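Trainee: Just so it is clear, I am handing over work-v7.tsv, which has TSV, C-alpha atoms.
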```tsv
chain	number	residue	atom	x	y	z
K	22	MET	CA	137.44	109.47	93.65
K	23	PHE	CA	134.92	107.02	92.28
K	24	LEU	CA	131.25	107.32	91.47
K	25	LEU	CA	128.75	105.86	93.89
K	26	VAL	CA	125.58	104.66	92.25
K	27	THR	CA	122.90	105.25	94.84
K	28	SER	CA	120.44	102.46	95.33
K	29	MET	CA	116.85	103.66	95.21
K	30	ASN	CA	113.50	102.42	96.44
K	31	PHE	CA	110.85	102.13	93.71
K	32	ALA	CA	107.09	101.96	94.18
K	33	ILE	CA	105.50	100.56	91.04
K	34	ALA	CA	101.79	100.67	90.29
K	35	LEU	CA	100.00	98.88	87.49
K	36	LEU	CA	96.47	99.92	86.51
K	37	ALA	CA	95.82	97.86	83.37
K	38	GLY	CA	94.92	94.21	83.09
K	39	PRO	CA	96.60	91.11	81.66
K	40	GLN	CA	95.28	91.92	78.16
K	41	ASP	CA	97.06	95.29	78.06
K	42	PRO	CA	100.70	95.66	76.91
K	43	ALA	CA	101.29	97.67	80.11
K	44	ALA	CA	101.23	94.41	82.12
K	45	ARG	CA	104.35	93.35	80.19
K	46	SER	CA	106.02	96.80	80.30
K	47	ALA	CA	105.61	96.98	84.08
K	48	LEU	CA	107.04	93.48	84.57
K	49	GLU	CA	110.07	94.15	82.37
K	50	PHE	CA	110.61	97.46	84.19
K	51	ALA	CA	110.34	95.80	87.62
K	52	LYS	CA	112.87	93.14	86.59
K	53	ALA	CA	115.25	95.85	85.37
K	54	VAL	CA	114.87	97.78	88.65
K	55	LEU	CA	116.15	94.76	90.58
K	56	SER	CA	118.85	93.83	88.07
K	57	SER	CA	120.11	97.43	88.23
K	58	GLY	CA	120.70	97.08	91.97
K	59	HIS	CA	117.66	99.01	93.19
K	60	GLN	CA	114.83	97.86	95.45
K	61	ILE	CA	111.09	97.60	94.94
K	62	SER	CA	109.44	98.73	98.16
K	63	ARG	CA	105.98	97.82	96.94
K	64	LEU	CA	104.04	96.73	93.87
K	65	PHE	CA	100.47	97.97	93.78
K	66	PHE	CA	97.81	96.53	91.48
K	67	TYR	CA	94.78	98.70	90.90
K	68	ARG	CA	91.84	98.83	88.49
K	69	ASP	CA	91.95	95.99	85.93
K	70	ALA	CA	95.47	94.99	87.02
K	71	VAL	CA	93.82	93.08	89.88
K	72	HIS	CA	92.99	90.37	87.32
K	73	LEU	CA	96.68	89.45	87.30
K	74	ALA	CA	96.21	88.07	90.81
K	75	SER	CA	93.58	85.58	89.64
K	76	GLN	CA	94.78	82.00	89.37
K	77	LEU	CA	91.93	80.99	87.08
K	78	GLY	CA	93.05	82.40	83.73
K	79	VAL	CA	94.00	79.75	81.16
K	80	GLN	CA	96.16	80.82	78.21
K	81	PRO	CA	96.63	78.91	74.95
K	82	GLN	CA	99.84	76.89	75.14
K	83	ASP	CA	101.65	78.95	72.48
K	84	GLU	CA	100.85	82.29	74.15
K	85	SER	CA	102.59	83.83	77.13
K	86	ASP	CA	100.93	83.74	80.56
K	87	ILE	CA	101.66	87.19	81.97
K	88	ALA	CA	99.79	86.50	85.24
K	89	ALA	CA	101.94	83.42	85.86
K	90	GLU	CA	105.09	85.40	85.05
K	91	TRP	CA	104.14	88.10	87.54
K	92	ARG	CA	103.35	85.49	90.21
K	93	GLN	CA	106.69	83.77	89.68
K	94	PHE	CA	108.61	87.08	89.73
K	95	ILE	CA	106.93	88.24	92.95
K	96	ALA	CA	107.45	84.90	94.69
K	97	GLU	CA	111.07	84.55	93.57
K	98	HIS	CA	112.04	87.96	94.92
K	99	GLN	CA	109.60	87.88	97.86
K	100	LEU	CA	108.17	91.26	96.89
K	101	ASP	CA	105.39	93.11	98.64
K	102	ALA	CA	102.61	92.80	96.04
K	103	VAL	CA	99.41	94.52	97.13
K	104	VAL	CA	96.17	94.15	95.21
K	105	CYS	CA	93.57	96.84	95.92
K	106	ILE	CA	90.84	95.02	97.80
K	107	ALA	CA	87.98	97.25	96.63
K	108	ALA	CA	88.99	96.98	92.97
K	109	ALA	CA	89.51	93.22	93.37
K	110	LEU	CA	86.11	92.56	94.97
K	111	ARG	CA	84.38	94.55	92.21
K	112	ARG	CA	86.07	92.38	89.59
K	113	GLY	CA	85.66	89.00	91.26
K	114	VAL	CA	89.21	88.51	92.54
K	115	LEU	CA	88.91	87.08	96.06
K	116	ASP	CA	91.21	85.31	98.49
K	117	ALA	CA	89.92	82.62	100.86
K	118	ALA	CA	89.04	85.11	103.61
K	119	GLU	CA	87.04	87.37	101.26
K	120	ALA	CA	85.30	84.42	99.61
K	121	LYS	CA	84.16	83.31	103.06
K	122	ARG	CA	83.17	86.82	104.13
K	123	TRP	CA	81.03	87.40	101.04
K	124	SER	CA	79.75	83.80	100.73
K	125	ARG	CA	81.29	83.22	97.32
K	126	PRO	CA	81.78	79.62	96.11
K	127	VAL	CA	85.46	79.96	95.22
K	128	ALA	CA	88.61	81.92	96.04
K	129	ASN	CA	90.87	82.65	93.09
K	130	THR	CA	93.86	84.42	94.60
K	131	ALA	CA	96.38	83.65	97.33
K	132	THR	CA	100.05	84.24	98.13
K	133	PRO	CA	102.24	85.87	96.88
K	134	TRP	CA	99.46	88.45	96.44
K	135	THR	CA	98.00	90.42	99.36
K	136	LEU	CA	94.59	92.07	99.23
K	137	SER	CA	94.66	95.40	101.04
K	138	GLY	CA	93.48	99.00	100.85
K	139	LEU	CA	94.43	102.06	98.81
K	140	GLY	CA	96.26	103.36	101.86
K	141	GLN	CA	99.03	100.88	101.02
K	142	TRP	CA	99.62	102.70	97.75
K	143	VAL	CA	99.46	106.15	99.34
K	144	ASP	CA	101.96	104.92	101.94
K	145	ALA	CA	104.29	103.50	99.28
K	146	LEU	CA	104.16	106.75	97.29
K	147	GLN	CA	105.20	108.69	100.37
K	148	SER	CA	108.22	106.59	101.23
K	149	ALA	CA	109.56	105.64	97.79
K	150	ASP	CA	112.43	107.48	96.10
K	151	ARG	CA	110.67	107.00	92.76
K	152	ALA	CA	107.06	106.13	91.97
K	153	VAL	CA	106.27	104.86	88.50
K	154	THR	CA	102.78	104.07	87.23
K	155	PHE	CA	102.03	101.78	84.29
K	156	GLY	CA	98.78	101.20	82.45
K	157	THR	CA	97.33	104.68	82.97
E	11	MET	CA	105.50	115.48	104.02
E	12	LYS	CA	105.29	114.92	100.33
E	13	SER	CA	102.28	116.02	98.37
E	14	LEU	CA	100.42	114.31	95.60
E	15	LEU	CA	98.68	115.52	92.48
E	16	ILE	CA	96.14	113.19	90.96
E	17	ILE	CA	95.25	113.72	87.34
E	18	SER	CA	91.80	112.42	86.54
E	19	ARG	CA	90.99	112.01	82.87
E	20	HIS	CA	88.16	109.50	82.58
E	21	PRO	CA	84.56	110.40	81.78
E	22	PRO	CA	82.15	109.89	84.67
E	23	ALA	CA	80.33	106.81	83.36
E	24	ARG	CA	83.56	104.81	83.49
E	25	GLN	CA	84.68	102.94	86.60
E	26	PRO	CA	88.18	104.50	86.50
E	27	ALA	CA	86.63	107.91	87.23
E	28	ARG	CA	85.30	106.68	90.58
E	29	GLU	CA	88.55	104.83	91.30
E	30	ALA	CA	90.60	108.00	90.67
E	31	LEU	CA	88.45	109.93	93.16
E	32	ASP	CA	88.91	107.07	95.65
E	33	VAL	CA	92.70	107.54	95.48
E	34	ALA	CA	92.36	111.28	96.13
E	35	LEU	CA	90.06	110.63	99.09
E	36	ALA	CA	92.36	107.91	100.47
E	37	ALA	CA	95.41	110.18	100.21
E	38	ALA	CA	93.58	113.02	101.95
E	39	ALA	CA	92.27	110.64	104.64
E	40	PHE	CA	95.87	109.58	105.35
E	41	GLY	CA	96.82	113.22	105.82
E	42	VAL	CA	98.83	113.55	102.62
E	43	PRO	CA	98.59	117.07	101.16
E	44	CYS	CA	96.87	116.37	97.93
E	45	GLY	CA	95.41	118.05	94.88
E	46	ILE	CA	93.34	116.79	91.99
E	47	LEU	CA	93.47	118.05	88.43
E	48	PHE	CA	90.69	117.20	86.01
E	49	MET	CA	91.79	117.14	82.40
E	50	ASP	CA	90.88	115.57	79.06
E	51	ASP	CA	87.54	113.72	79.37
E	52	GLY	CA	87.90	113.88	83.16
E	53	VAL	CA	86.41	117.39	83.05
E	54	PHE	CA	83.04	115.78	82.19
E	55	GLN	CA	82.97	114.42	85.75
E	56	LEU	CA	82.33	117.98	86.92
E	57	MET	CA	79.33	118.75	84.67
E	58	LYS	CA	76.20	119.76	86.53
E	59	GLY	CA	72.88	118.05	85.91
E	60	GLN	CA	74.07	114.45	85.60
E	61	ASP	CA	71.55	111.72	86.40
E	62	ALA	CA	73.67	108.58	86.51
E	63	ALA	CA	70.73	106.47	87.67
E	64	GLN	CA	69.39	106.62	84.11
E	65	ILE	CA	72.13	104.17	83.12
E	66	GLY	CA	72.05	102.18	86.35
E	67	GLN	CA	75.00	103.90	87.98
E	68	LYS	CA	75.63	105.62	91.27
E	69	SER	CA	76.27	109.33	90.96
E	70	LEU	CA	79.81	110.60	91.42
E	71	ALA	CA	78.52	113.85	92.92
E	72	ALA	CA	78.86	112.68	96.54
E	73	ASN	CA	82.47	111.59	95.96
E	74	LEU	CA	83.26	114.89	94.25
E	75	GLN	CA	81.68	116.93	97.01
E	76	ALA	CA	83.66	114.92	99.58
E	77	LEU	CA	86.97	116.11	98.08
E	78	PRO	CA	87.08	119.50	99.86
E	79	LEU	CA	85.58	118.00	103.03
E	80	PHE	CA	88.36	115.39	103.17
E	81	GLY	CA	90.94	118.13	102.81
E	82	VAL	CA	91.92	117.77	99.15
E	83	GLU	CA	93.60	121.15	98.95
E	84	ASP	CA	93.58	122.03	95.28
E	85	ILE	CA	90.69	121.16	93.00
E	86	LEU	CA	91.79	122.16	89.54
E	87	VAL	CA	90.41	121.89	86.05
E	88	CYS	CA	92.27	122.25	82.77
E	89	GLN	CA	91.15	125.30	80.81
E	90	HIS	CA	92.12	123.80	77.46
E	91	SER	CA	90.18	120.58	78.13
E	92	LEU	CA	87.09	122.58	79.16
E	93	GLY	CA	87.29	124.73	76.02
E	94	GLU	CA	87.75	121.73	73.71
E	95	ARG	CA	84.59	120.22	75.16
E	96	GLY	CA	82.46	123.36	75.04
E	97	LEU	CA	82.35	123.73	78.82
E	98	GLN	CA	82.72	126.72	81.09
E	99	ALA	CA	83.80	126.79	84.73
E	100	SER	CA	80.32	127.97	85.69
E	101	GLN	CA	78.95	124.61	84.50
E	102	CYS	CA	81.15	122.72	86.96
E	103	LEU	CA	79.88	121.07	90.15
E	104	LEU	CA	82.75	122.06	92.40
E	105	ASP	CA	84.36	125.43	92.81
E	106	ALA	CA	87.26	124.19	90.72
E	107	GLN	CA	90.12	126.52	89.91
E	108	VAL	CA	90.66	126.83	86.16
E	109	VAL	CA	94.33	126.43	85.18
E	110	ASN	CA	96.00	127.05	81.83
E	111	ASN	CA	98.83	125.08	80.22
E	112	ALA	CA	101.59	127.15	81.81
E	113	GLU	CA	99.98	126.78	85.23
E	114	ILE	CA	99.69	123.00	84.75
E	115	ALA	CA	103.41	122.81	83.93
E	116	THR	CA	104.12	124.76	87.15
E	117	LEU	CA	101.82	122.46	89.17
E	118	LEU	CA	103.66	119.38	87.93
E	119	GLU	CA	106.88	120.95	89.25
E	120	HIS	CA	105.29	122.00	92.54
E	121	TYR	CA	103.97	118.59	93.61
E	122	ASP	CA	106.38	115.89	94.82
E	123	GLN	CA	104.43	113.01	93.30
E	124	ILE	CA	102.15	112.94	90.28
E	125	VAL	CA	99.68	110.10	89.88
E	126	THR	CA	97.71	109.83	86.67
E	127	LEU	CA	94.53	107.80	86.76
U	21	MET	CA	110.99	115.48	85.15
U	22	LEU	CA	110.49	112.42	82.98
U	23	HIS	CA	107.18	112.20	81.10
U	24	ILE	CA	106.14	108.73	79.96
U	25	LEU	CA	103.58	108.45	77.18
U	26	ARG	CA	102.00	105.11	76.32
U	27	HIS	CA	98.91	105.85	74.23
U	28	SER	CA	98.66	106.17	70.48
U	29	PRO	CA	98.39	109.83	69.45
U	30	HIS	CA	95.51	108.88	67.16
U	31	SER	CA	93.21	107.44	69.83
U	32	GLU	CA	93.90	109.61	72.85
U	33	SER	CA	93.92	113.29	73.73
U	34	ARG	CA	96.61	112.74	76.36
U	35	PHE	CA	99.35	112.78	73.73
U	36	ALA	CA	98.47	116.41	73.03
U	37	SER	CA	97.89	117.09	76.74
U	38	CYS	CA	101.39	115.86	77.55
U	39	LEU	CA	103.01	117.98	74.85
U	40	ARG	CA	101.20	121.05	76.19
U	41	ALA	CA	102.45	120.39	79.73
U	42	ILE	CA	106.08	119.62	78.95
U	43	ASN	CA	108.78	122.13	79.85
U	44	ALA	CA	111.91	122.82	77.83
U	45	SER	CA	114.18	121.27	80.48
U	46	GLN	CA	112.29	117.97	80.69
U	47	SER	CA	112.38	114.55	79.04
U	48	LEU	CA	109.82	112.48	77.18
U	49	LEU	CA	109.84	108.70	76.87
U	50	LEU	CA	107.57	106.91	74.39
U	51	ILE	CA	106.52	103.37	75.26
U	52	GLU	CA	103.84	100.93	74.05
U	53	ASP	CA	101.45	102.46	71.48
U	54	ALA	CA	102.92	105.95	71.88
U	55	VAL	CA	105.79	104.89	69.59
U	56	TYR	CA	103.32	105.14	66.68
U	57	CYS	CA	103.79	108.90	66.86
U	58	LEU	CA	107.25	108.33	65.32
U	59	GLN	CA	105.75	107.04	62.06
U	60	PRO	CA	107.34	109.13	59.27
U	61	GLY	CA	105.14	111.61	57.44
U	62	THR	CA	102.69	112.17	60.28
U	63	THR	CA	101.68	115.38	62.02
U	64	THR	CA	102.44	113.74	65.37
U	65	ARG	CA	106.04	113.15	64.37
U	66	ASN	CA	106.26	116.79	63.29
U	67	ALA	CA	104.84	117.85	66.65
U	68	LEU	CA	107.69	116.02	68.37
U	69	GLU	CA	110.26	117.62	66.07
U	70	TYR	CA	108.92	121.05	67.02
U	71	LEU	CA	109.57	120.48	70.74
U	72	PRO	CA	112.44	122.65	71.99
U	73	SER	CA	115.78	121.01	71.25
U	74	SER	CA	116.50	120.94	75.00
U	75	VAL	CA	113.73	118.35	75.49
U	76	ASN	CA	115.30	114.87	75.54
U	77	LEU	CA	113.32	112.30	73.57
U	78	TYR	CA	113.50	108.55	74.18
U	79	ALA	CA	111.68	105.53	72.75
U	80	MET	CA	111.53	101.92	73.95
U	81	GLU	CA	113.28	99.62	71.49
U	82	ALA	CA	111.14	96.53	72.13
U	83	ASP	CA	107.95	98.55	71.53
U	84	LEU	CA	109.27	100.01	68.27
U	85	GLN	CA	110.32	96.59	66.98
U	86	ALA	CA	107.12	94.88	68.10
U	87	ARG	CA	105.11	97.39	66.07
U	88	GLY	CA	107.28	97.27	62.96
U	89	LEU	CA	108.69	100.79	63.16
U	90	ALA	CA	112.08	100.93	61.47
U	91	LEU	CA	114.81	101.98	63.90
U	92	ASP	CA	116.96	103.53	61.15
U	93	ASP	CA	114.09	105.74	60.02
U	94	LEU	CA	113.88	107.69	63.28
U	95	SER	CA	114.88	111.26	63.85
U	96	SER	CA	118.41	111.66	65.21
U	97	ARG	CA	116.79	113.37	68.21
U	98	ILE	CA	115.26	110.10	69.40
U	99	ARG	CA	117.41	107.96	71.65
U	100	ILE	CA	116.44	104.30	71.59
U	101	ILE	CA	116.52	102.65	75.01
U	102	ASN	CA	115.87	99.34	76.79
U	103	TYR	CA	114.39	98.66	80.26
U	104	PRO	CA	117.63	99.03	82.28
U	105	MET	CA	118.09	102.41	80.57
U	106	MET	CA	114.50	103.34	81.46
U	107	VAL	CA	115.30	102.55	85.11
U	108	ALA	CA	118.40	104.76	84.86
U	109	LEU	CA	116.28	107.57	83.38
U	110	CYS	CA	113.88	107.30	86.33
U	111	THR	CA	116.75	107.64	88.79
U	112	GLU	CA	118.24	110.60	86.90
U	113	HIS	CA	114.96	112.53	86.95
U	114	ALA	CA	113.52	113.65	90.27
U	115	LYS	CA	109.96	112.86	89.21
U	116	VAL	CA	108.21	110.55	86.78
U	117	VAL	CA	104.81	111.40	85.28
U	118	SER	CA	102.92	108.73	83.31
U	119	TRP	CA	100.34	110.06	80.89
```
Can the structure from this file be put into structure tokens for me?
Mentor:
Amino acid sequence: MFLLVTSMNFAIALLAGPQDPAARSALEFAKAVLSSGHQISRLFFYRDAVHLASQLGVQPQDESDIAAEWRQFIAEHQLDAVVCIAAALRRGVLDAAEAKRWSRPVANTATPWTLSGLGQWVDALQSADRAVTFGT
Amino acid sequence: MKSLLIISRHPPARQPAREALDVALAAAAFGVPCGILFMDDGVFQLMKGQDAAQIGQKSLAANLQALPLFGVEDILVCQHSLGERGLQASQCLLDAQVVNNAEIATLLEHYDQIVTL
Amino acid sequence: MLHILRHSPHSESRFASCLRAINASQSLLLIEDAVYCLQPGTTTRNALEYLPSSVNLYAMEADLQARGLALDDLSSRIRIINYPMMVALCTEHAKVVSW
């Protein structure tokens, strides 16, 4: 008889922005979830975490760019990365469709991020084996 | 169907307070059995007599009063947090059920998912 | 149930709130600024020591090192973990609560 390690589905939410250490903790955790053989059913970015989806941040060359690292990680693994649309609009994070809808001069987010509603998080919480929140 | 307990701990003048209530309302709107527990500075959200317009904000009262209407089943407030802040249940906007530490530990076991905001 | 604490005990009431809500059969993981509660000679460290011995205590190694807390100065109760071990803890516990 041998042990079967069951693969689990994780829903991961991040509530804190790029300036908070939680943005790093959540990324390292998400990487470890995949490297441990589990799946990430959805990443959900709420509150100040929506700033991670902005492409306009510029970091000094000798400092890490956590937003770029998240973008690369999501794109590489083709993860479902949902940014709360209400929280994003409040904080000036808009994709092309929202910039057009609200007559704003610029869009600052695009794929691999998706702007959508809180229902996406509620849905992910219901179906995931484990839900872990960072940046509370 | 799994149920969800949302712990709300931000004072009312902060954006996260409104965003925590939004999650509770969204969960209830999607038919997820849901409760909300106010603790730490979150209990200040429930204080009667707030006039948020004085600091250019929209009152949370409508969102709070929507909780039972949307079907948020349990509206709970931490007894210890109230006491620490000199508040009594009678000073709270909603008919919130006061729970002690042991009851909070039981609630955490009872709900399938716990979301802290 | 796995409780995850991330805030410094000196700036936040949720450290105390978490300790009040924890049951004897549960686990507590300290990440980010919550590792400051392990600083020797503090009341917060004593509060952890007074938790029932059945409560499993964990702390994130990278967060301890980043904040200059000496690993060899920790209580023998504290198990030092990395991110893959945190993932394993989440799978071993039926529920995860972040404070």
Trainee: Produce a table with one row for each residue of chain K that has an atom at most 10 Å from any atom of chain E, each row naming the nearest atom pair and its distance in Å at one decimal; use all atoms listed in the file; arrange rows by chain and rising residue number; format as CSV.
Mentor:
```
residue,atom,partner,partner_atom,distance
K:Ala34,CA,E:Val125,CA,9.7
K:Leu36,CA,E:Leu127,CA,8.1
K:Tyr67,CA,E:Glu29,CA,8.7
K:Arg68,CA,E:Pro26,CA,7.0
K:Asp69,CA,E:Pro26,CA,9.3
K:Ala107,CA,E:Glu29,CA,9.3
K:Ala108,CA,E:Glu29,CA,8.0
K:Gly138,CA,E:Ala36,CA,9.0
K:Leu139,CA,E:Ala36,CA,6.4
K:Gly140,CA,E:Ala36,CA,6.2
K:Gln141,CA,E:Ala36,CA,9.7
K:Trp142,CA,E:Val33,CA,8.7
K:Val143,CA,E:Ala37,CA,5.8
K:Asp144,CA,E:Phe40,CA,8.4
K:Leu146,CA,E:Gln123,CA,7.4
K:Gln147,CA,E:Lys12,CA,6.2
K:Ser148,CA,E:Lys12,CA,8.9
K:Arg151,CA,E:Gln123,CA,8.7
K:Ala152,CA,E:Gln123,CA,7.5
K:Val153,CA,E:Val125,CA,8.5
K:Thr154,CA,E:Val125,CA,7.3
K:Phe155,CA,E:Thr126,CA,9.4
K:Gly156,CA,E:Leu127,CA,9.0
K:Thr157,CA,E:Leu127,CA,5.7
```
Trainee: Nearest to chain E among U:His23, U:His30, U:Arg99, U:Arg40, with distances taken over all atoms listed in the file: which residue is it?
Mentor: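 Smallest separation from chain E among the options: U:Arg40.
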Trainee: What does the structure give for the distance between atom CA of Phe50 of chain K and atom CA of Gly52 of chain E, in Å to one decimal?
Mentor: 28.0 Å
Trainee: Need to verify the contact set: Leu94 of chain U, 10 Å, all atoms listed in the file, exclusion of same-chain residues closer than 2 positions in sequence. Can you return it as JSON, numbers by chain?
Mentor: {"U": [58, 59, 60, 65, 79, 89, 90, 91, 92, 96, 97, 98, 99, 100]}
Trainee: Taking only C-alpha atoms into account, what are the residues of chain E at most 10 Å from chain U, put as a ChimeraX atom specification?
Mentor: /E:17,19,49-51,88,90-91,110-119,121-127
